[in-house]
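Below is one structure, written out as structure tokens; the observations come after it.
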Amino acid sequence: MKIGLDVMGGDFAPKATIGGAILAQAELPSSVKIVLIGKKGLIEKELLMQGASSENFEIIDAQEIIEMAEHPTKAYSQKPNSSISLGFSSLKEGKIDSFASVGNTGAMLVGSMLTVKTITGVIRPCSISVLPKESGGVSLVLDVGTNVDCKPDVLYQYGMLGSLFAQHVYNIENPKVGLLNIGEEAEKGNLVSQSAHNLMTNSKHFNFIGNVEGRDLFSENVDVIVCDGFTGNVVLKEVEAFYTLIKKRNIDDTYFNRFNYELYGGSPVLGINSTVMIGHGISSPLAIKNLLLLSKKVVELKLSDKIKQSFS
């Protein structure tokens with residue numbers, strides 16, 4: 001197995017990305033190779049500075065970088081030699097089995113759509129995030145920023161995608177799927193939420209339990225929380241802010257420590273024909289390591305194939 005990593009992506013690249021690759025390489029079996037994609041000279045220099053040998057990695061030389069603030073579609077088409085563009089071409093050609101980046105999320109989504117394509121039947125791919133439950137388990141929220149505006153049928157499919165992810169990645173049997181809303185009653189919320197609720201009720205594709213509220217995010221009441229990307233991203237950033245406040249107050253608590261995004265690394269783009277992983281732009285080496293370890297797990301589980309079967 002070969003796991004591709006965009007070394008040039010993120011706020012602290014290439015130091016953090018290469019640092020994370022070194023940490024992951026130490027934990028991965030010899031059958032798994034990490035492929036570093038970026039400026040070769042810079043990669044070799046950084047590996048040397050961090051006391052690692054370039055012989056332990058493969059390197060794909062990419063002399064261009066898609067910056068975080070660039071327009072995703074324009075940058076992707078105008079920079080064919082960027083680390084993101086070459087990462088996707090390598091994925092399409094089978095040179096790598098997965099591709100991960102903490103760089104320009106929009107460009108990663110554009111690359112996913114233009115190269116490996118969306119699975120037939122999936123209206124819009126999405127991203128998913130993990131929220132810790134007090135019991136020790138996790139709940140999953142999607143979408144968290146890929147699609148800020150969603151129609152009811154898209155939200156219905158998020159229920160399917162989230163349920164499949166919960167089953168196969170976190171081994172949750174018959175996941176409880178809830179629609180994030182401002183009240184439990186079916187008639188609550190805006191027109192999109194009401195219509196989505198109607199579609200999801202009595203679904204044969206997943207275990208829909210009805211509307212859930214913000215106070216249910218970390219409870220045992222629900223395993224998969226469905227919402228549009230605008231709402232999901234607000235939730236995710238609020239959780240991150242809460243964790244920061246906890247740390248500022250020097251509170252050391254076993255449960256609240258699990259709010260650290262670094263422990264989860266990132267998430268796959270769900271609904272496309274391959275394994276594409278995206279992470280936080282501020283990712284540390286620890287976050288990069290966990291992103292790569294999750295990449296291996298998702299490839300081994302053949303998650304995209306399982307989603308294809310469900311949508312066929």
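Ordering of the structure tokens sets the chain letters (A, B, ...), residue numbers begin anew at 1 in every chain, and ligands are numbered from 1 in the order given.
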
task: Show which residues sit within 9 Å of range 96-99 of chain A, as an MDAnalysis selection string. Count only C-alpha atoms, and ignore same-chain residues fewer than 3 positions away.
output: chainID A and resid 1:6 34:35 84 87:88 90:93 274:278 295:296 298:299

Residues within 9 Å of Ser139 in chain A, only C-alpha atoms, excluding chain neighbours under 6 positions, as a PyMOL selection string: chain A and resi 129-133+166+217-220+222-225

field: CA of Thr254 in chain A to CA of Ser135 in chain A, distance in Å rounded to a single decimal
entry: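 Taking CA of Thr254 in chain A and CA of Ser135 in chain A, their separation equals 11.3 Å.
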
- line: Closest of A:Ser89, A:Thr244, A:Asn233, A:Ser82 to Asn104 in chain A, counting only C-alpha atoms, is A:Ser82

message: DSSP on the backbone, helix (DSSP H, G or I) only: what residues of range 172-240 of chain A does that give? Format it as JSON, numbers by chain.
response: {"A": [191, 192, 193, 194, 195, 196, 197, 198, 199, 200, 214, 215, 216, 229, 230, 231, 232, 233, 234, 235, 236, 237, 238, 239, 240]}

Near-Lys308 in chain A list (10 Å; only C-alpha atoms; drop same-chain fewer than 2 positions) as a PyMOL selection string: chain A and resi 118-122+271-273+303-306+310-312

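Minimum atom-to-atom distance to Leu164 in chain A, evaluated using only C-alpha atoms, belongs to A:Ile128 out of A:Asp216, A:Ile128, A:Glu134, A:Ala62.
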
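When only C-alpha atoms are used to measure the gap to Ala241 in chain A, the shortest distance among A:Gly111, A:Thr17, A:Val7, A:Asn260 belongs to A:Asn260.
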
- request: Using DSSP on the backbone coordinates, identify all residues within range 151-285 of chain A classified as strand (DSSP E); present the result as an MDAnalysis selection string.
  value: chainID A and resid 176:180 207:212 224:226 266:270 275:279

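Coordinates place CA of Gln309 in chain A at a distance of 21.7 Å from CA of Leu114 in chain A.
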
Would you mind listing what lies within 6 Å of range 288-293 of chain A as a short mmCIF file (atom, residue, chain, number, x, y, z; two decimals) with N, CA and C atoms, in the first residue's frame, with only C-alpha atoms counted and same-chain residues fewer than 6 positions away left out?
```cif
data_model
loop_
_atom_site.label_atom_id
_atom_site.label_comp_id
_atom_site.auth_asym_id
_atom_site.auth_seq_id
_atom_site.Cartn_x
_atom_site.Cartn_y
_atom_site.Cartn_z
N GLY A 20 5.00 14.72 10.78
CA GLY A 20 3.92 13.75 10.94
C GLY A 20 4.16 12.49 10.13
N ALA A 21 4.73 12.65 8.94
CA ALA A 21 5.04 11.48 8.10
C ALA A 21 6.08 10.59 8.77
N LEU A 23 6.56 10.33 12.04
CA LEU A 23 5.89 9.66 13.16
C LEU A 23 5.04 8.48 12.65
N ALA A 24 4.32 8.70 11.55
CA ALA A 24 3.45 7.65 11.01
C ALA A 24 4.28 6.49 10.47
N GLY A 265 -6.97 13.46 13.41
CA GLY A 265 -6.24 13.69 12.17
C GLY A 265 -7.02 14.37 11.08
N GLY A 266 -8.14 13.81 10.71
CA GLY A 266 -8.95 14.37 9.63
C GLY A 266 -10.01 13.38 9.24
#
```

statement: A straight line from CA of Leu161 in chain A to CA of His280 in chain A spans 21.1 Å

field: Residue contacts of Leu191 in chain A (12 Å, only C-alpha atoms) excluding same-chain residues fewer than 4 positions away, as a PyMOL selection string
entry: chain A and resi 150-152+181+186-187+195-198

For the selection just defined, write its residues with N, CA, C and O atoms to a file, as a tab-separated table (two decimals), in the first residue's frame.
```tsv
chain	number	residue	atom	x	y	z
A	150	CYS	N	-27.63	22.74	1.29
A	150	CYS	CA	-28.02	21.37	0.95
A	150	CYS	C	-29.53	21.25	0.78
A	150	CYS	O	-30.29	21.80	1.57
A	151	LYS	N	-29.93	20.51	-0.24
A	151	LYS	CA	-31.34	20.21	-0.43
A	151	LYS	C	-31.70	18.96	0.37
A	151	LYS	O	-30.82	18.20	0.79
A	152	PRO	N	-32.98	18.71	0.59
A	152	PRO	CA	-33.40	17.57	1.41
A	152	PRO	C	-32.85	16.22	0.93
A	152	PRO	O	-32.47	15.38	1.76
A	181	ASN	N	-31.51	19.91	14.40
A	181	ASN	CA	-32.59	20.88	14.24
A	181	ASN	C	-32.73	21.69	15.53
A	181	ASN	O	-31.99	21.48	16.49
A	186	ALA	N	-41.26	17.05	14.45
A	186	ALA	CA	-41.08	16.95	13.00
A	186	ALA	C	-41.32	18.26	12.27
A	186	ALA	O	-40.71	18.54	11.24
A	187	GLU	N	-42.20	19.09	12.80
A	187	GLU	CA	-42.55	20.34	12.12
A	187	GLU	C	-41.59	21.49	12.45
A	187	GLU	O	-41.75	22.60	11.92
A	195	SER	N	-38.55	19.15	5.17
A	195	SER	CA	-38.63	18.25	4.01
A	195	SER	C	-37.68	17.06	4.17
A	195	SER	O	-38.03	15.92	3.83
A	196	ALA	N	-36.47	17.35	4.71
A	196	ALA	CA	-35.51	16.26	4.93
A	196	ALA	C	-36.04	15.27	5.95
A	196	ALA	O	-35.89	14.05	5.80
A	197	HIS	N	-36.70	15.79	6.99
A	197	HIS	CA	-37.29	14.91	8.00
A	197	HIS	C	-38.33	13.99	7.38
A	197	HIS	O	-38.38	12.78	7.68
A	198	ASN	N	-39.14	14.54	6.51
A	198	ASN	CA	-40.16	13.74	5.84
A	198	ASN	C	-39.53	12.62	5.00
A	198	ASN	O	-40.03	11.49	4.98
```
